[in-house]
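The next block is my_file_14.csv, given as CSV, C-alpha atoms and all ligand atoms.
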```
chain,number,residue,atom,x,y,z
A,1,MET,CA,32.5,16.2,-71.9
A,2,ARG,CA,29.4,14.0,-72.1
A,3,ALA,CA,29.4,14.1,-75.9
A,4,PHE,CA,33.1,13.2,-75.8
A,5,LEU,CA,32.5,10.2,-73.7
A,6,TYR,CA,29.7,9.3,-76.1
A,7,ILE,CA,32.3,9.4,-78.9
A,8,VAL,CA,34.5,7.1,-76.9
A,9,LEU,CA,31.6,4.7,-76.4
A,10,VAL,CA,30.9,4.9,-80.1
A,11,VAL,CA,34.5,4.1,-80.9
A,12,ILE,CA,34.3,1.0,-78.7
A,13,SER,CA,30.9,-0.2,-80.0
A,14,CYS,CA,31.0,0.8,-83.6
A,15,ASP,CA,31.9,-2.1,-85.8
A,16,GLY,CA,33.6,0.0,-88.4
A,17,ILE,CA,36.0,1.4,-85.9
A,18,SER,CA,36.6,-1.9,-84.1
A,19,SER,CA,37.6,-3.6,-87.3
A,20,LEU,CA,40.0,-0.8,-87.9
A,21,LEU,CA,41.4,-1.0,-84.4
A,22,LEU,CA,41.6,-4.8,-84.6
A,23,PRO,CA,43.0,-5.6,-88.1
A,24,GLY,CA,43.5,-9.2,-89.2
A,25,LYS,CA,47.0,-9.5,-87.7
A,26,GLU,CA,45.4,-9.0,-84.3
A,27,HIS,CA,44.5,-12.7,-84.0
A,28,ASP,CA,48.1,-13.7,-83.3
A,29,ARG,CA,48.3,-11.0,-80.8
A,30,LEU,CA,45.2,-12.1,-78.9
A,31,ARG,CA,46.5,-15.6,-78.6
A,32,ASN,CA,49.7,-14.3,-77.1
A,33,PRO,CA,49.3,-12.2,-74.0
A,34,ALA,CA,52.4,-10.2,-74.7
A,35,PRO,CA,52.0,-8.1,-77.8
A,36,GLN,CA,54.9,-8.6,-80.2
A,37,LEU,CA,54.7,-5.4,-82.3
A,38,SER,CA,54.1,-1.9,-81.5
A,39,TRP,CA,50.7,-1.0,-82.7
A,40,PHE,CA,52.3,2.0,-84.4
A,41,SER,CA,53.7,-0.3,-87.0
A,42,ARG,CA,50.2,-1.6,-87.9
A,43,TYR,CA,48.9,1.8,-89.0
A,44,ARG,CA,49.6,3.9,-92.0
A,45,ARG,CA,51.8,6.9,-91.2
A,46,LEU,CA,51.8,10.1,-93.2
A,47,SER,CA,55.0,10.7,-95.0
A,48,ARG,CA,54.5,14.1,-96.6
A,49,PRO,CA,51.2,15.6,-95.6
A,50,SER,CA,52.2,19.2,-95.9
A,51,HIS,CA,49.0,19.5,-97.9
A,52,ARG,CA,46.9,16.4,-97.7
A,53,VAL,CA,43.4,15.1,-98.1
A,54,ILE,CA,42.4,12.4,-95.6
A,55,ASP,CA,41.3,9.3,-97.4
A,56,PRO,CA,38.2,8.1,-95.5
A,57,ASN,CA,38.8,4.5,-96.4
A,58,GLU,CA,42.4,4.3,-95.4
A,59,ASP,CA,43.0,7.0,-92.8
A,60,CYS,CA,40.1,6.7,-90.3
A,61,PHE,CA,42.7,5.9,-87.7
A,62,LEU,CA,45.5,8.2,-88.7
A,63,VAL,CA,48.8,8.6,-86.8
A,64,THR,CA,50.9,11.5,-88.0
A,65,SER,CA,54.1,13.1,-86.7
A,66,GLU,CA,54.2,15.8,-89.4
A,67,GLU,CA,53.2,19.4,-89.6
A,68,GLY,CA,51.0,20.7,-92.4
A,69,GLU,CA,47.5,21.0,-93.6
A,70,LEU,CA,44.9,18.3,-93.4
A,71,PHE,CA,41.5,18.2,-95.1
A,72,TYR,CA,38.6,15.9,-94.5
A,73,LYS,CA,35.5,15.5,-96.6
A,74,SER,CA,32.9,13.0,-95.6
A,75,PRO,CA,32.2,10.3,-98.2
A,76,SER,CA,28.7,9.4,-96.8
A,77,ASP,CA,26.0,10.0,-94.2
A,78,GLU,CA,27.4,7.2,-92.0
A,79,PRO,CA,28.1,8.2,-88.4
A,80,ASN,CA,31.6,6.7,-88.3
A,81,VAL,CA,34.0,8.0,-85.7
A,82,CYS,CA,37.6,8.6,-86.8
A,83,GLY,CA,40.7,10.2,-85.3
A,84,ILE,CA,43.8,12.1,-86.3
A,85,TYR,CA,46.4,11.0,-83.7
A,86,MET,CA,49.2,13.7,-83.7
A,87,ILE,CA,52.5,13.1,-82.1
A,88,ALA,CA,55.7,15.2,-82.3
A,89,GLU,CA,59.2,15.4,-80.8
A,90,PRO,CA,59.2,15.1,-76.9
A,91,ASP,CA,60.2,18.8,-76.4
A,92,THR,CA,57.2,20.2,-78.4
A,93,ARG,CA,53.5,21.0,-78.1
A,94,ILE,CA,51.0,20.5,-80.9
A,95,GLN,CA,49.1,23.5,-82.2
A,96,VAL,CA,46.0,23.0,-84.3
A,97,THR,CA,44.2,25.8,-86.2
A,98,PHE,CA,40.8,25.1,-87.8
A,99,ASN,CA,40.9,26.8,-91.2
A,100,TYR,CA,37.3,25.9,-91.9
A,101,LEU,CA,34.7,23.6,-90.4
A,102,ASP,CA,31.4,22.8,-92.1
A,103,VAL,CA,30.0,20.0,-90.0
A,104,PRO,CA,26.2,20.1,-89.4
A,105,CYS,CA,25.3,19.3,-85.8
A,106,ASP,CA,22.4,17.2,-87.0
A,107,ASN,CA,22.6,13.4,-86.5
A,108,GLY,CA,25.5,13.8,-84.0
A,109,GLY,CA,28.0,15.6,-86.3
A,110,LEU,CA,30.9,16.6,-84.2
A,111,VAL,CA,34.6,17.5,-84.3
A,112,ALA,CA,36.5,17.3,-81.0
A,113,TRP,CA,40.0,18.6,-80.2
A,114,VAL,CA,41.5,16.5,-77.4
A,115,ASP,CA,44.6,17.8,-75.6
A,116,GLY,CA,46.0,14.3,-75.2
A,117,TRP,CA,45.2,10.9,-76.7
A,118,GLU,CA,42.2,8.6,-76.2
A,119,LEU,CA,42.2,5.0,-77.3
A,120,ASN,CA,39.7,2.2,-76.3
A,121,GLY,CA,38.2,4.4,-73.6
A,122,GLN,CA,41.5,5.2,-71.9
A,123,VAL,CA,43.0,8.7,-72.0
A,124,TRP,CA,46.6,10.0,-71.7
A,125,PRO,CA,47.9,11.7,-69.6
A,126,ALA,CA,45.2,10.5,-67.2
A,127,ASP,CA,46.6,11.9,-64.0
A,128,SER,CA,46.4,15.5,-65.2
A,129,TRP,CA,43.1,15.2,-67.1
A,130,ASP,CA,40.4,17.9,-66.9
A,131,ASP,CA,37.5,19.1,-68.9
A,132,ASP,CA,39.6,21.8,-70.5
A,133,ARG,CA,41.3,19.1,-72.5
A,134,VAL,CA,38.3,18.6,-74.8
A,135,VAL,CA,36.9,21.2,-77.1
A,136,GLU,CA,33.9,20.1,-79.2
A,137,SER,CA,32.6,21.9,-82.3
A,138,CYS,CA,30.1,21.6,-85.0
A,139,ASP,CA,28.6,24.3,-87.3
A,140,ARG,CA,31.2,26.9,-86.1
A,141,ARG,CA,35.0,26.4,-86.1
A,142,PRO,CA,36.9,27.1,-82.9
A,143,GLN,CA,38.3,30.6,-83.4
A,144,ARG,CA,41.4,30.3,-81.2
A,145,LYS,CA,44.4,28.2,-81.9
A,146,LEU,CA,44.4,25.0,-79.9
A,147,VAL,CA,47.7,24.1,-78.2
A,148,SER,CA,48.4,20.9,-76.3
A,149,ARG,CA,50.3,20.7,-73.0
A,150,GLN,CA,52.4,17.8,-74.3
A,151,ASN,CA,53.7,16.3,-77.5
A,152,ALA,CA,50.6,14.4,-78.5
A,153,ALA,CA,47.0,15.5,-79.3
A,154,LEU,CA,44.0,14.2,-81.1
A,155,ILE,CA,41.2,15.3,-83.4
A,156,GLN,CA,38.2,13.0,-83.2
A,157,TYR,CA,35.4,13.5,-85.7
A,158,ARG,CA,32.1,12.2,-86.8
A,159,VAL,CA,30.7,13.8,-90.0
A,160,PRO,CA,27.4,12.0,-91.0
A,161,ALA,CA,26.8,14.3,-93.9
A,162,GLN,CA,28.2,13.6,-97.3
A,163,GLY,CA,30.5,16.3,-98.7
A,164,LYS,CA,30.8,18.1,-95.3
A,165,GLY,CA,34.1,18.3,-93.5
A,166,PHE,CA,36.9,20.4,-92.1
A,167,ALA,CA,40.4,21.6,-92.7
A,168,ILE,CA,43.2,22.0,-90.0
A,169,THR,CA,46.8,23.3,-89.9
A,170,VAL,CA,49.1,21.4,-87.6
A,171,ARG,CA,52.2,23.0,-86.1
A,172,HIS,CA,54.8,21.9,-83.6
A,173,LEU,CA,55.8,24.5,-81.0
A,174,ARG,CA,58.8,24.3,-78.7
A,175,ASN,CA,58.1,23.2,-75.1
A,176,PRO,CA,61.0,24.2,-72.9
A,177,ARG,CA,59.7,22.2,-69.9
A,178,PRO,CA,58.1,19.0,-71.0
A,179,CYS,CA,56.6,16.9,-68.2
A,180,ASN,CA,54.4,14.1,-69.8
A,181,VAL,CA,56.0,12.8,-72.9
A,182,MET,CA,54.9,10.1,-75.5
A,183,LEU,CA,57.6,8.4,-77.5
A,184,PHE,CA,56.8,7.8,-81.2
A,185,GLY,CA,57.7,4.1,-81.5
A,186,ALA,CA,59.9,2.0,-79.2
A,187,GLU,CA,63.2,3.7,-79.8
A,188,GLY,CA,65.0,6.6,-78.2
A,189,VAL,CA,66.8,8.2,-75.3
A,190,TYR,CA,64.9,10.6,-73.1
A,191,THR,CA,65.7,12.5,-69.9
A,192,LEU,CA,62.8,13.1,-67.5
A,193,ARG,CA,63.2,16.1,-65.2
A,194,ASN,CA,61.1,17.8,-62.5
A,195,HIS,CA,62.9,21.2,-62.8
A,196,GLY,CA,62.8,21.4,-59.0
A,197,GLU,CA,59.1,21.3,-58.9
A,198,THR,CA,56.5,19.2,-57.0
A,199,GLY,CA,54.5,16.7,-59.1
A,200,ASN,CA,54.7,13.8,-61.3
A,201,CYS,CA,56.1,13.5,-64.9
A,202,SER,CA,56.1,10.5,-67.1
A,203,VAL,CA,57.2,9.0,-70.4
A,204,ILE,CA,55.1,6.5,-72.2
A,205,ALA,CA,56.2,4.3,-75.2
A,206,VAL,CA,53.2,2.9,-76.9
A,207,SER,CA,54.9,-0.4,-77.3
A,208,PRO,CA,56.6,-3.3,-75.3
A,209,THR,CA,60.2,-2.2,-74.9
A,210,THR,CA,63.5,-2.8,-73.3
A,211,VAL,CA,64.3,0.1,-70.9
A,212,ARG,CA,67.7,0.9,-69.5
A,213,ILE,CA,68.5,3.7,-67.0
A,214,LEU,CA,71.6,5.5,-68.3
A,215,ASP,CA,71.8,8.0,-65.6
A,216,LEU,CA,70.0,8.5,-62.3
A,217,ASN,CA,69.9,11.5,-60.0
A,218,VAL,CA,66.7,11.3,-57.9
A,219,GLY,CA,66.2,12.4,-54.3
A,220,GLN,CA,69.8,13.6,-54.1
A,221,ALA,CA,70.4,17.1,-55.5
A,222,LEU,CA,68.8,19.4,-52.8
A,223,LYS,CA,67.4,22.7,-54.0
A,224,ARG,CA,68.6,24.4,-50.8
A,225,GLY,CA,71.9,23.7,-49.3
A,226,SER,CA,74.6,21.5,-50.6
A,227,LEU,CA,74.4,18.7,-53.1
A,228,LEU,CA,74.7,15.4,-51.4
A,229,ASP,CA,77.3,14.4,-53.9
A,230,ILE,CA,77.6,10.8,-52.9
A,231,GLU,CA,77.2,8.1,-55.5
A,232,THR,CA,74.7,6.1,-53.6
A,233,GLY,CA,74.3,3.7,-56.6
A,234,THR,CA,70.8,2.7,-57.6
A,235,ILE,CA,68.5,2.2,-54.6
A,236,HIS,CA,65.7,-0.2,-55.2
A,237,HIS,CA,62.2,-0.4,-53.7
A,238,CYS,CA,62.4,3.3,-52.7
A,239,THR,CA,58.7,3.5,-51.9
A,240,LYS,CA,59.0,0.7,-49.4
A,241,ARG,CA,61.9,2.6,-47.8
A,242,GLY,CA,59.7,5.6,-47.5
A,243,LEU,CA,61.9,7.8,-49.8
A,244,PRO,CA,59.8,10.7,-51.1
A,245,ASP,CA,61.3,11.0,-54.6
A,246,TYR,CA,61.5,8.0,-56.9
A,247,VAL,CA,61.2,6.6,-60.4
A,248,GLU,CA,58.6,3.9,-61.2
A,249,ILE,CA,59.3,1.6,-64.1
A,250,GLY,CA,56.6,-0.6,-65.5
A,251,GLY,CA,53.9,-1.0,-68.1
A,252,ALA,CA,50.2,-0.6,-68.7
A,253,SER,CA,47.6,-2.4,-70.8
A,254,GLY,CA,46.4,0.8,-72.4
A,255,LEU,CA,47.1,4.5,-72.4
A,256,ASP,CA,46.1,5.2,-68.8
A,257,HIS,CA,49.4,5.2,-66.9
A,258,THR,CA,47.6,5.6,-63.5
A,259,LYS,CA,46.8,1.9,-64.0
A,260,MET,CA,50.4,1.0,-64.6
A,261,GLU,CA,51.9,-2.2,-63.2
A,262,VAL,CA,55.1,-1.3,-61.4
A,263,LEU,CA,58.2,-3.5,-61.8
A,264,ASP,CA,60.5,-1.4,-59.5
A,265,SER,CA,60.8,2.0,-57.9
A,266,VAL,CA,64.4,3.3,-57.9
A,267,CYS,CA,66.2,6.4,-56.6
A,268,GLY,CA,69.7,7.6,-55.8
A,269,LEU,CA,72.7,8.9,-57.6
A,270,ASP,CA,74.1,6.6,-60.1
A,271,SER,CA,76.0,7.6,-63.2
A,272,ASN,CA,77.1,4.0,-64.1
A,273,GLU,CA,75.6,2.9,-67.4
A,274,GLY,CA,76.2,-0.7,-66.8
A,275,ARG,CA,72.8,-1.5,-65.4
A,276,ARG,CA,70.8,-4.5,-66.6
A,277,PRO,CA,67.9,-3.4,-68.8
A,278,ALA,CA,64.3,-4.2,-67.8
A,279,PHE,CA,62.2,-6.1,-70.4
A,280,ILE,CA,58.7,-4.8,-70.3
A,281,ALA,CA,56.2,-7.0,-72.1
A,282,CYS,CA,53.1,-4.7,-72.0
A,283,GLU,CA,51.1,-2.8,-74.5
A,284,ASP,CA,52.7,0.4,-73.2
A,285,THR,CA,55.9,1.0,-71.3
A,286,VAL,CA,55.7,3.6,-68.6
A,287,VAL,CA,58.3,5.4,-66.5
A,288,ARG,CA,57.1,7.9,-63.9
A,289,LEU,CA,59.1,10.4,-61.9
A,290,ILE,CA,57.5,11.3,-58.5
A,291,SER,CA,58.9,14.5,-57.0
A,292,ASN,CA,58.1,16.2,-53.7
A,293,GLY,CA,59.7,19.5,-54.7
A,294,LYS,CA,62.8,19.4,-52.4
A,295,PHE,CA,65.2,18.0,-55.1
A,296,TYR,CA,66.3,18.6,-58.7
A,297,ASN,CA,65.6,15.2,-60.1
A,298,SER,CA,66.5,13.7,-63.5
A,299,VAL,CA,66.6,10.2,-65.0
A,300,THR,CA,67.9,9.4,-68.4
A,301,LEU,CA,66.4,6.4,-70.1
A,302,ALA,CA,67.1,4.4,-73.2
A,303,PHE,CA,64.2,2.6,-74.9
A,304,SER,CA,64.5,0.0,-77.6
A,305,PRO,CA,62.1,-2.6,-79.0
A,306,LEU,CA,61.6,-5.7,-76.9
A,307,PRO,CA,63.3,-8.6,-78.8
A,308,LEU,CA,61.0,-11.5,-79.4
A,309,GLU,CA,63.4,-13.9,-77.8
A,310,GLU,CA,63.2,-12.0,-74.5
A,311,LEU,CA,59.4,-12.2,-74.4
A,312,GLU,CA,59.2,-15.3,-72.3
A,313,HIS,CA,61.7,-14.1,-69.7
A,314,ALA,CA,60.4,-10.6,-69.6
A,315,ASP,CA,60.7,-8.8,-66.2
A,316,LEU,CA,57.1,-7.7,-66.4
A,317,ILE,CA,54.2,-9.1,-68.4
A,318,CYS,CA,51.1,-7.0,-68.0
A,319,GLY,CA,47.7,-8.5,-67.3
A,320,MET,CA,49.1,-11.6,-65.7
A,321,ASN,CA,47.1,-10.8,-62.5
A,322,ASP,CA,43.9,-10.8,-64.5
A,323,LEU,CA,44.3,-14.3,-65.9
B,401,LIG,C1,51.9,11.8,-57.8
B,401,LIG,O1,52.1,10.4,-57.6
B,401,LIG,C2,51.9,10.0,-56.3
B,401,LIG,C3,52.3,8.5,-56.2
B,401,LIG,O2,51.7,7.8,-57.3
B,401,LIG,C4,50.4,10.2,-55.9
B,401,LIG,O3,50.2,9.8,-54.6
B,401,LIG,C5,50.1,11.7,-56.0
B,401,LIG,O4,48.8,12.0,-55.8
B,401,LIG,C6,50.5,12.2,-57.4
B,401,LIG,N1,50.3,13.6,-57.5
B,401,LIG,C7,49.6,14.2,-58.4
B,401,LIG,C8,49.6,15.7,-58.4
B,401,LIG,O5,49.0,13.6,-59.3
```
Now, as a test, write the supplied structure out as structure tokens.
Amino acid sequence: MRAFLYIVLVVISCDGISSLLLPGKEHDRLRNPAPQLSWFSRYRRLSRPSHRVIDPNEDCFLVTSEEGELFYKSPSDEPNVCGIYMIAEPDTRIQVTFNYLDVPCDNGGLVAWVDGWELNGQVWPADSWDDDRVVESCDRRPQRKLVSRQNAALIQYRVPAQGKGFAITVRHLRNPRPCNVMLFGAEGVYTLRNHGETGNCSVIAVSPTTVRILDLNVGQALKRGSLLDIETGTIHHCTKRGLPDYVEIGGASGLDHTKMEVLDSVCGLDSNEGRRPAFIACEDTVVRLISNGKFYNSVTLAFSPLPLEELEHADLICGMNDL
């Protein structure tokens, strides 16, 4: 874990990486507290990587939603830190197999599998993070297949030895009970469920978005006994009312959704689609479902990109409290 944190620090402090994380277009963004574009759109995506060699000049920060084989060969002895950010459909897990790994441990050579994403020192999903989520290697490849708990995972690497590198195969496996989910881009409809279990599940869109609840059934369908089949409508501020199960809608300035700013907490039974959407002007849009285990909860959400003209009357603008 220490070495992983070191990598994180290197990512933050290393000029090469910072310039990649902050390309020229960033200046507009910095002047405006509300980001206008999903950062996904600023990076190259792989189109057809079924068999692909990573270009060290173009792909140091690589976001891919494809399956296939990826090869990396270091062009120099520079200790640059790069990442392969993998994301797949919400109901999948990501499996990575190292086909070969030839990375000398000297000078800090390292390849790390991360069961989740790390960006600018923040990890996702932060509330269920543990040391098992990071597997570091050099010299020897991990023998077992590495499988993520959710639909996003990361390979971080630093290969300061010219001509050395690694090869991986990426596969997407079905996940019948997704809990934490990352949306690829700002568009989509997704249903969060607790499957009757205790705990918290969440969906994050790495983008400012418009979120609309299409269907809400939270804190109503009892696991034992009868269904309280009353359309309560959407109940707002459920946490203030002391209701145990609720949905939090808000945003975060980074991947760590435990630091989210909450716009509203809602619960109840409401199948009316005619609700007003929430405009979330944050780097990331977050919806969390908190369940105490007594109910079958579900919430169906529609995400779409935040229109520029809605920016100034957004319901939530992240980071305003810091100004
Ligand atoms: C779930 O979320 C609630 C409210 O944020 C928190 O108090 C609780 O500790 C969380 N549970 C887990 C298992 O993380």
Residues within 12 Å of ligand LIG 401 (chain B) (all atoms listed in the file), as a ChimeraX atom specification? /A:125-129,180,194,197-202,238-239,242-249,257-262,265,287-293
Show which residues sit within 10 Å of Arg171 of chain A, as a PyMOL selection string. Count all atoms listed in the file, and ignore same-chain residues fewer than 6 positions away. chain A and resi 66-69+88+92-97+147
Keeping only C-alpha atoms, write the selected residues as a PDB file, in the frame of the given file.
```
ATOM      1  CA  GLU A  66      54.200  15.800 -89.400  1.00  0.00           C
ATOM      2  CA  GLU A  67      53.200  19.400 -89.600  1.00  0.00           C
ATOM      3  CA  GLY A  68      51.000  20.700 -92.400  1.00  0.00           C
ATOM      4  CA  GLU A  69      47.500  21.000 -93.600  1.00  0.00           C
ATOM      5  CA  ALA A  88      55.700  15.200 -82.300  1.00  0.00           C
ATOM      6  CA  THR A  92      57.200  20.200 -78.400  1.00  0.00           C
ATOM      7  CA  ARG A  93      53.500  21.000 -78.100  1.00  0.00           C
ATOM      8  CA  ILE A  94      51.000  20.500 -80.900  1.00  0.00           C
ATOM      9  CA  GLN A  95      49.100  23.500 -82.200  1.00  0.00           C
ATOM     10  CA  VAL A  96      46.000  23.000 -84.300  1.00  0.00           C
ATOM     11  CA  THR A  97      44.200  25.800 -86.200  1.00  0.00           C
ATOM     12  CA  VAL A 147      47.700  24.100 -78.200  1.00  0.00           C
TER      13      VAL A 147
END
```
One-decimal distance in Å that lies between atom CA of Ala161 of chain A and atom CA of Ile87 of chain A: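 Between atom CA of Ile87 of chain A and atom CA of Ala161 of chain A the gap is 28.3 Å.
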Between atom CA of Arg241 of chain A and atom CA of Asp264 of chain A, what is the distance in Å, rounded to a tenth?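 A separation of 12.4 Å between them.
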Counting all atoms listed in the file, which residue out of A:Pro208, A:Gly251, A:Gly274, A:Gly165 sits closest to Leu308 of chain A?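 The shortest atom-to-atom distance to Leu308 of chain A comes from A:Pro208.
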Using all atoms listed in the file, can you tell me which of A:Asp115, A:Ile168, A:Trp124, A:Cys282 comes closest to Ser50 of chain A? A:Ile168
Separation of atom CA of Cys138 of chain A and atom CA of Leu101 of chain A, in Å?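 Computed distance, atom CA of Cys138 of chain A to atom CA of Leu101 of chain A, equals 7.4 Å.
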Dump as a ChimeraX atom specification all residues having an atom at most 9 Å from (33.9, 16.3, -92.2), computed in the file's coordinates with all atoms listed in the file. /A:71-75,101-103,109-111,157-167
Could you write out the selected residues, including C-alpha atoms, as a PDB file, in the frame of the given file?
```
ATOM      1  CA  PHE A  71      41.500  18.200 -95.100  1.00  0.00           C
ATOM      2  CA  TYR A  72      38.600  15.900 -94.500  1.00  0.00           C
ATOM      3  CA  LYS A  73      35.500  15.500 -96.600  1.00  0.00           C
ATOM      4  CA  SER A  74      32.900  13.000 -95.600  1.00  0.00           C
ATOM      5  CA  PRO A  75      32.200  10.300 -98.200  1.00  0.00           C
ATOM      6  CA  LEU A 101      34.700  23.600 -90.400  1.00  0.00           C
ATOM      7  CA  ASP A 102      31.400  22.800 -92.100  1.00  0.00           C
ATOM      8  CA  VAL A 103      30.000  20.000 -90.000  1.00  0.00           C
ATOM      9  CA  GLY A 109      28.000  15.600 -86.300  1.00  0.00           C
ATOM     10  CA  LEU A 110      30.900  16.600 -84.200  1.00  0.00           C
ATOM     11  CA  VAL A 111      34.600  17.500 -84.300  1.00  0.00           C
ATOM     12  CA  TYR A 157      35.400  13.500 -85.700  1.00  0.00           C
ATOM     13  CA  ARG A 158      32.100  12.200 -86.800  1.00  0.00           C
ATOM     14  CA  VAL A 159      30.700  13.800 -90.000  1.00  0.00           C
ATOM     15  CA  PRO A 160      27.400  12.000 -91.000  1.00  0.00           C
ATOM     16  CA  ALA A 161      26.800  14.300 -93.900  1.00  0.00           C
ATOM     17  CA  GLN A 162      28.200  13.600 -97.300  1.00  0.00           C
ATOM     18  CA  GLY A 163      30.500  16.300 -98.700  1.00  0.00           C
ATOM     19  CA  LYS A 164      30.800  18.100 -95.300  1.00  0.00           C
ATOM     20  CA  GLY A 165      34.100  18.300 -93.500  1.00  0.00           C
ATOM     21  CA  PHE A 166      36.900  20.400 -92.100  1.00  0.00           C
ATOM     22  CA  ALA A 167      40.400  21.600 -92.700  1.00  0.00           C
TER      23      ALA A 167
END
```
